[in-house]
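**Q** Here it is, the structure in full.
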Protein chains: 2
Amino acid sequence: MNRFLGHVTNKIDAKGRVSVPAHFRSIIQTAGHTELYALRSLHLPALDAGGPELLTRFDKRLDSEDPFAETSDDMSFYLHADGGFLKLDGDGRITVTDFMREHTGISSDVTFAGANTHFQMWHPDKFEAHRAKVRQRLAEKRRQENVHAGNS
Amino acid sequence: MNRFLGHVTNKIDAKGRVSVPAHFRSIIQTAGHTELYALRSLHLPALDAGGPELLTRFDKRLDSEDPFAETSDDMSFYLHADGGFLKLDGDGRITVTDFMREHTGISSDVTFAGANTHFQMWHPDKFEAHRAKVRQRLAEKRRQENVHAGNS
DNA sequence: ATCGATATCATGGGGCACTATGGGCGTCAA
DNA sequence: TTGACGCCCATAGTGCCCCATGATATCGAT
């Protein structure tokens with residue numbers, strides 16, 4: 001199945017390298033790519049990563065975000081200026097750059113989280129916190145919908 | 001019969017594997033799949049599982065949401081990061097991952113419970129407790145309805 | 001209906017391949 | 001020289017494929 005799903009956390013070794021989960025790697029490779037791109041996530045302390053098509057997809061999303069705001073250009077610049085290319089070594093590892101650490105707070109471990117068409121890289125604690133918050137918001141929302149529908 | 005019905009509890013072996021009930025398996029396999037999609041239930045200490053089309057079904061609902069609303073991001077994160085594929089081995093077993101144990105408390109046995117379009121995986125004790133509670137709630141509800149209808 | 005043959009299922013275990021992780025050693029540039 | 005980075009190899013642990021066993025159900029012939 002060629003989707004990014006689930007989450008795994010891997011260790012950063014003494015040389016600053018971390019293994020990209022084999023499953024994620026194979027998705028990139030079967031898509032015919034050997035390159036990995038990472039961009040700062042817009043609203044989250046995480047990195048969005050994936051194949052080269054990730055860039056074009058994000059551009060599209062930016063375009064439709066708010067055509068009148070001049071921040072669109074700024075955003076585009078912001079994303080692309082620091083976003084970059086991650087080299088996979090022969091064993092499927094990437095070296096964690098300062099760029100990644102700054103935005104995410106990543107230090108000794110990285111949580112890789114699937115996002116269907118791409119994946120994210122998190123500091124494990126922040127990932128867990130976000131996960132809990134999301135669950136809570138969704139649970140609350142569904143509870144409200146049930147109340148309105150008359151199901152208790 | 002292509003519906004998930006009834007419940008069975010199976011053992012986890014020394015290697016962390018558990019057999020998916022043959023009846024459930026056949027439903028998945030006749031649909032042409034060799035893996036399961038499992039999701040951590042929002043309200044229950046259980047996993048919702050089914051064929052990969054379960055995820056597709058959820059994804060479709062995602063499409064109808066406003067893509068820029070926070071809920072959409074939350075849903076996507078929940079579906080893709082809090083869920084994953086479980087591979088069926090040649091004998092119809094899956095290996096129970098930490099991902100599953102954390103959320104459900106599953107340790108040595110798994111209760112598979114049919115839920116019509118999909119099924120659930122529980123810790124046997126929690127399943128039993130939940131079942132008792134549900135039955136009690138239903139009985140209570142019926143009692144109330146009878147009172148209102150004048151039947152005693 | 002009885003009894004034996006056959007199929008299906010849950011469970012156990014062997015063993016190979018792959019993965020994550022650690023580390024060595026050159027190269028190249030500051 | 002020193003340190004960052006590329007490429008290579010080693011190893012422990014895990015996942016996955018295959019086969020075995022006993023229990024249960026199914027079926028057929030007598």
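The chains in the structure tokens are called A, B, ... from first to last as shown; in each chain the residues are counted from 1, and the ligands are counted from 1 in the order shown.
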Output the contact residues of chain A with respect to chain C at a cut-off of 10 Å, based on only C-alpha atoms (C1' of nucleotides), as JSON, numbers by chain.
**A** {"A": [10, 11, 12, 13, 14, 15, 17, 18, 19, 20, 21, 22, 91, 92, 93]}
**Q** What does the C-alpha RMSD come to when chain B is least-squares superposed onto chain A, all C-alpha atoms paired in sequence order?
**A**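 After least-squares fitting, the two copies differ by 2.1 Å C-alpha RMSD.
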**Q** Just want the 12 Å neighbourhood of Glu102 of chain B, counted on only C-alpha atoms (C1' of nucleotides), with same-chain residues fewer than 2 positions away dropped. Output as a list in words.
**A**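 Once the nearby chain positions are removed, what remains is Arg40, Pro45, Ala46, Leu47, Asp82, Val96, Thr97, Asp98, Phe99, Met100, Thr104, Gly105, Ile106, Ser107, Trp122 and His123 of chain B.
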**Q** Save out the residues we just selected, N, CA, C and O atoms, as a PDB file, in the first residue's frame.
**A**
ATOM      1  N   ARG B  40      -7.120   3.722  16.048  1.00  0.00           N
ATOM      2  CA  ARG B  40      -7.410   3.781  17.485  1.00  0.00           C
ATOM      3  C   ARG B  40      -8.724   4.513  17.712  1.00  0.00           C
ATOM      4  O   ARG B  40      -8.841   5.698  17.395  1.00  0.00           O
ATOM      5  N   PRO B  45     -11.267   2.085  24.378  1.00  0.00           N
ATOM      6  CA  PRO B  45      -9.920   1.491  24.385  1.00  0.00           C
ATOM      7  C   PRO B  45      -9.865   0.310  23.444  1.00  0.00           C
ATOM      8  O   PRO B  45      -9.530  -0.790  23.844  1.00  0.00           O
ATOM      9  N   ALA B  46     -10.208   0.552  22.194  1.00  0.00           N
ATOM     10  CA  ALA B  46     -10.245  -0.528  21.218  1.00  0.00           C
ATOM     11  C   ALA B  46      -9.737  -0.019  19.880  1.00  0.00           C
ATOM     12  O   ALA B  46      -9.572   1.181  19.679  1.00  0.00           O
ATOM     13  N   LEU B  47      -9.491  -0.981  18.990  1.00  0.00           N
ATOM     14  CA  LEU B  47      -9.069  -0.618  17.644  1.00  0.00           C
ATOM     15  C   LEU B  47     -10.205  -0.929  16.674  1.00  0.00           C
ATOM     16  O   LEU B  47     -10.805  -1.994  16.747  1.00  0.00           O
ATOM     17  N   ASP B  82      -2.625   8.115  13.478  1.00  0.00           N
ATOM     18  CA  ASP B  82      -3.125   7.287  14.576  1.00  0.00           C
ATOM     19  C   ASP B  82      -3.699   5.974  14.067  1.00  0.00           C
ATOM     20  O   ASP B  82      -4.398   5.282  14.786  1.00  0.00           O
ATOM     21  N   VAL B  96       0.993  -8.282  16.938  1.00  0.00           N
ATOM     22  CA  VAL B  96       0.453  -7.225  17.781  1.00  0.00           C
ATOM     23  C   VAL B  96       1.570  -6.244  18.121  1.00  0.00           C
ATOM     24  O   VAL B  96       2.527  -6.590  18.799  1.00  0.00           O
ATOM     25  N   THR B  97       1.431  -5.032  17.650  1.00  0.00           N
ATOM     26  CA  THR B  97       2.475  -4.028  17.848  1.00  0.00           C
ATOM     27  C   THR B  97       2.236  -3.234  19.127  1.00  0.00           C
ATOM     28  O   THR B  97       1.157  -3.263  19.706  1.00  0.00           O
ATOM     29  N   ASP B  98       3.246  -2.511  19.546  1.00  0.00           N
ATOM     30  CA  ASP B  98       3.106  -1.639  20.709  1.00  0.00           C
ATOM     31  C   ASP B  98       2.021  -0.600  20.457  1.00  0.00           C
ATOM     32  O   ASP B  98       1.292  -0.211  21.358  1.00  0.00           O
ATOM     33  N   PHE B  99       1.948  -0.179  19.227  1.00  0.00           N
ATOM     34  CA  PHE B  99       0.922   0.764  18.802  1.00  0.00           C
ATOM     35  C   PHE B  99      -0.461   0.280  19.232  1.00  0.00           C
ATOM     36  O   PHE B  99      -1.284   1.061  19.716  1.00  0.00           O
ATOM     37  N   MET B 100      -0.677  -1.023  19.115  1.00  0.00           N
ATOM     38  CA  MET B 100      -1.969  -1.581  19.498  1.00  0.00           C
ATOM     39  C   MET B 100      -2.083  -1.749  20.999  1.00  0.00           C
ATOM     40  O   MET B 100      -3.121  -1.459  21.599  1.00  0.00           O
ATOM     41  N   THR B 104      -5.045  -0.124  23.774  1.00  0.00           N
ATOM     42  CA  THR B 104      -6.081  -1.069  24.168  1.00  0.00           C
ATOM     43  C   THR B 104      -5.794  -1.809  25.461  1.00  0.00           C
ATOM     44  O   THR B 104      -6.694  -2.367  26.060  1.00  0.00           O
ATOM     45  N   GLY B 105      -4.538  -1.802  25.898  1.00  0.00           N
ATOM     46  CA  GLY B 105      -4.178  -2.580  27.076  1.00  0.00           C
ATOM     47  C   GLY B 105      -4.040  -4.059  26.766  1.00  0.00           C
ATOM     48  O   GLY B 105      -3.863  -4.869  27.675  1.00  0.00           O
ATOM     49  N   ILE B 106      -4.113  -4.411  25.492  1.00  0.00           N
ATOM     50  CA  ILE B 106      -3.981  -5.817  25.085  1.00  0.00           C
ATOM     51  C   ILE B 106      -2.627  -6.356  25.518  1.00  0.00           C
ATOM     52  O   ILE B 106      -1.605  -5.687  25.357  1.00  0.00           O
ATOM     53  N   SER B 107      -2.633  -7.585  26.097  1.00  0.00           N
ATOM     54  CA  SER B 107      -1.362  -8.158  26.532  1.00  0.00           C
ATOM     55  C   SER B 107      -1.187  -9.577  26.015  1.00  0.00           C
ATOM     56  O   SER B 107      -0.267  -9.844  25.249  1.00  0.00           O
ATOM     57  N   TRP B 122     -10.119  -5.853  21.069  1.00  0.00           N
ATOM     58  CA  TRP B 122     -10.188  -5.450  22.467  1.00  0.00           C
ATOM     59  C   TRP B 122      -9.307  -6.317  23.359  1.00  0.00           C
ATOM     60  O   TRP B 122      -9.011  -7.459  23.027  1.00  0.00           O
ATOM     61  N   HIS B 123      -8.989  -5.772  24.513  1.00  0.00           N
ATOM     62  CA  HIS B 123      -8.542  -6.617  25.610  1.00  0.00           C
ATOM     63  C   HIS B 123      -9.798  -7.330  26.109  1.00  0.00           C
ATOM     64  O   HIS B 123     -10.813  -6.674  26.330  1.00  0.00           O
TER      65      HIS B 123
END
**Q** May I have the residues of chain B within 10 Å of chain A, counting only C-alpha atoms, written as a ChimeraX atom specification?
**A** /B:35,37-43,52,59,67-68,70-71,73-85,99
**Q** Please save N, CA and C atoms of the selected residues as a compact mmCIF listing (two decimals), in the first residue's frame.
**A**
# COMPACT_ATOMS: atom_id res chain seq x y z
N GLU B 35 -4.09 -7.11 3.76
CA GLU B 35 -3.74 -6.37 4.96
C GLU B 35 -4.95 -5.67 5.55
N TYR B 37 -6.55 -2.38 7.85
CA TYR B 37 -6.35 -1.02 8.32
C TYR B 37 -6.93 -0.93 9.71
N ALA B 38 -6.14 -0.47 10.66
CA ALA B 38 -6.61 -0.37 12.04
C ALA B 38 -6.45 1.05 12.54
N LEU B 39 -7.41 1.46 13.35
CA LEU B 39 -7.45 2.85 13.81
C LEU B 39 -7.78 2.84 15.30
N ARG B 40 -7.12 3.72 16.05
CA ARG B 40 -7.41 3.78 17.49
C ARG B 40 -8.72 4.51 17.71
N SER B 41 -9.67 3.81 18.24
CA SER B 41 -10.99 4.39 18.47
C SER B 41 -10.89 5.64 19.35
N LEU B 42 -11.74 6.62 19.04
CA LEU B 42 -11.69 7.88 19.78
C LEU B 42 -12.21 7.74 21.20
N HIS B 43 -13.29 6.99 21.36
CA HIS B 43 -13.97 6.95 22.66
C HIS B 43 -13.72 5.68 23.43
N PRO B 52 -8.53 -2.25 3.74
CA PRO B 52 -8.03 -0.94 3.36
C PRO B 52 -9.13 0.01 2.90
N ASP B 59 -11.39 8.62 4.08
CA ASP B 59 -10.77 9.66 3.25
C ASP B 59 -11.82 10.41 2.45
N PRO B 67 -11.17 22.05 3.48
CA PRO B 67 -9.75 21.67 3.62
C PRO B 67 -8.93 22.64 4.46
N PHE B 68 -9.46 23.82 4.70
CA PHE B 68 -8.67 24.79 5.47
C PHE B 68 -9.13 24.91 6.90
N GLU B 70 -9.65 23.70 10.74
CA GLU B 70 -8.80 22.96 11.65
C GLU B 70 -9.26 21.51 11.74
N THR B 71 -10.56 21.30 11.68
CA THR B 71 -11.09 19.95 11.79
C THR B 71 -10.54 19.04 10.71
N ASP B 73 -7.63 19.21 9.19
CA ASP B 73 -6.26 18.83 9.55
C ASP B 73 -6.28 17.78 10.66
N ASP B 74 -7.15 18.02 11.64
CA ASP B 74 -7.23 17.08 12.76
C ASP B 74 -7.63 15.70 12.27
N MET B 75 -8.66 15.66 11.45
CA MET B 75 -9.12 14.37 10.94
C MET B 75 -8.02 13.66 10.18
N SER B 76 -7.35 14.39 9.32
CA SER B 76 -6.30 13.78 8.53
C SER B 76 -5.20 13.24 9.43
N PHE B 77 -4.82 14.04 10.38
CA PHE B 77 -3.76 13.61 11.30
C PHE B 77 -4.20 12.35 12.05
N TYR B 78 -5.43 12.37 12.52
CA TYR B 78 -5.97 11.24 13.27
C TYR B 78 -6.00 9.98 12.42
N LEU B 79 -6.51 10.09 11.22
CA LEU B 79 -6.65 8.92 10.35
C LEU B 79 -5.32 8.34 9.94
N HIS B 80 -4.36 9.21 9.65
CA HIS B 80 -3.13 8.72 9.05
C HIS B 80 -2.01 8.49 10.04
N ALA B 81 -1.98 9.27 11.10
CA ALA B 81 -0.90 9.08 12.07
C ALA B 81 -1.33 8.14 13.18
N ASP B 82 -2.63 8.11 13.48
CA ASP B 82 -3.12 7.29 14.58
C ASP B 82 -3.70 5.97 14.07
N GLY B 83 -3.43 5.68 12.82
CA GLY B 83 -3.89 4.43 12.26
C GLY B 83 -2.80 3.81 11.42
N GLY B 84 -2.95 2.57 11.06
CA GLY B 84 -1.91 1.95 10.26
C GLY B 84 -2.36 0.65 9.65
N PHE B 85 -1.53 0.12 8.78
CA PHE B 85 -1.83 -1.16 8.17
C PHE B 85 -1.23 -2.29 8.96
N PHE B 99 1.95 -0.18 19.23
CA PHE B 99 0.92 0.76 18.80
C PHE B 99 -0.46 0.28 19.23
**Q** Hey, can you check how far atom C1' of DC19 of chain D sits from atom CA of Phe24 of chain B?
**A**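 So the answer is 23.9 Å.
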**Q** Kindly provide, as a ChimeraX atom specification, the residues of chain B having any atom no farther than 9 Å from an atom of chain D, counting only C-alpha atoms (C1' of nucleotides).
**A** /B:89-90,95
**Q** Figure out the distance between atom CA of Leu36 of chain A and atom CA of Ala69 of chain B, please, to one decimal in Å.
**A**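 Distance reported for this atom pair: 27.9 Å.
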**Q** Using the chain letters and numbers from this document, which residues of chain B does DSSP assign to strand (DSSP E), as a ChimeraX atom specification?
**A** /B:7-11,17-19,35-40,47-50,83-87,93-95,109-115,118-122
**Q** Please produce a file of the residues just selected, as a tab-separated table (two decimals), in the first residue's frame, where the atoms kept are C-alpha atoms.
**A**
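Below is the file that was written, selection.tsv:
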chain	number	residue	atom	x	y	z
B	7	HIS	CA	-16.99	-12.09	18.79
B	8	VAL	CA	-14.09	-14.44	19.44
B	9	THR	CA	-11.00	-14.15	21.58
B	10	ASN	CA	-7.70	-15.59	20.39
B	11	LYS	CA	-4.31	-16.04	21.98
B	17	ARG	CA	1.20	-13.00	16.75
B	18	VAL	CA	-2.52	-13.59	16.87
B	19	SER	CA	-4.86	-15.27	14.41
B	35	GLU	CA	-3.74	-6.37	4.96
B	36	LEU	CA	-5.89	-4.64	7.52
B	37	TYR	CA	-6.35	-1.02	8.32
B	38	ALA	CA	-6.61	-0.37	12.04
B	39	LEU	CA	-7.45	2.85	13.81
B	40	ARG	CA	-7.41	3.78	17.49
B	47	LEU	CA	-9.07	-0.62	17.64
B	48	ASP	CA	-11.42	-0.27	14.71
B	49	ALA	CA	-10.22	-2.51	11.92
B	50	GLY	CA	-11.21	-3.58	8.47
B	83	GLY	CA	-3.89	4.43	12.26
B	84	GLY	CA	-1.91	1.95	10.26
B	85	PHE	CA	-1.83	-1.16	8.17
B	86	LEU	CA	-1.47	-4.59	9.69
B	87	LYS	CA	-0.04	-7.23	7.43
B	93	ARG	CA	-2.14	-13.82	11.63
B	94	ILE	CA	-1.09	-10.31	12.51
B	95	THR	CA	1.66	-9.31	14.89
B	109	ASP	CA	-5.23	-12.26	24.33
B	110	VAL	CA	-7.31	-10.33	21.83
B	111	THR	CA	-11.08	-10.23	21.51
B	112	PHE	CA	-12.28	-9.69	17.96
B	113	ALA	CA	-15.76	-8.19	17.88
B	114	GLY	CA	-17.82	-7.76	14.75
B	115	ALA	CA	-19.30	-4.34	14.05
B	118	HIS	CA	-15.81	-3.44	10.29
B	119	PHE	CA	-14.65	-5.10	13.48
B	120	GLN	CA	-12.92	-4.18	16.71
B	121	MET	CA	-10.02	-5.53	18.69
B	122	TRP	CA	-10.19	-5.45	22.47
**Q** Among segment 32-104 of chain B, which residues carry a DSSP assignment of helix (DSSP H, G or I), reported as a ChimeraX atom specification?
**A** /B:53-63,70-81,98-104
**Q** So the first atom is atom CA of Gly51 of chain A and the second is atom CA of Thr34 of chain A; what is the distance between them in Å, to one decimal place?
**A**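 The value is 8.1 Å.
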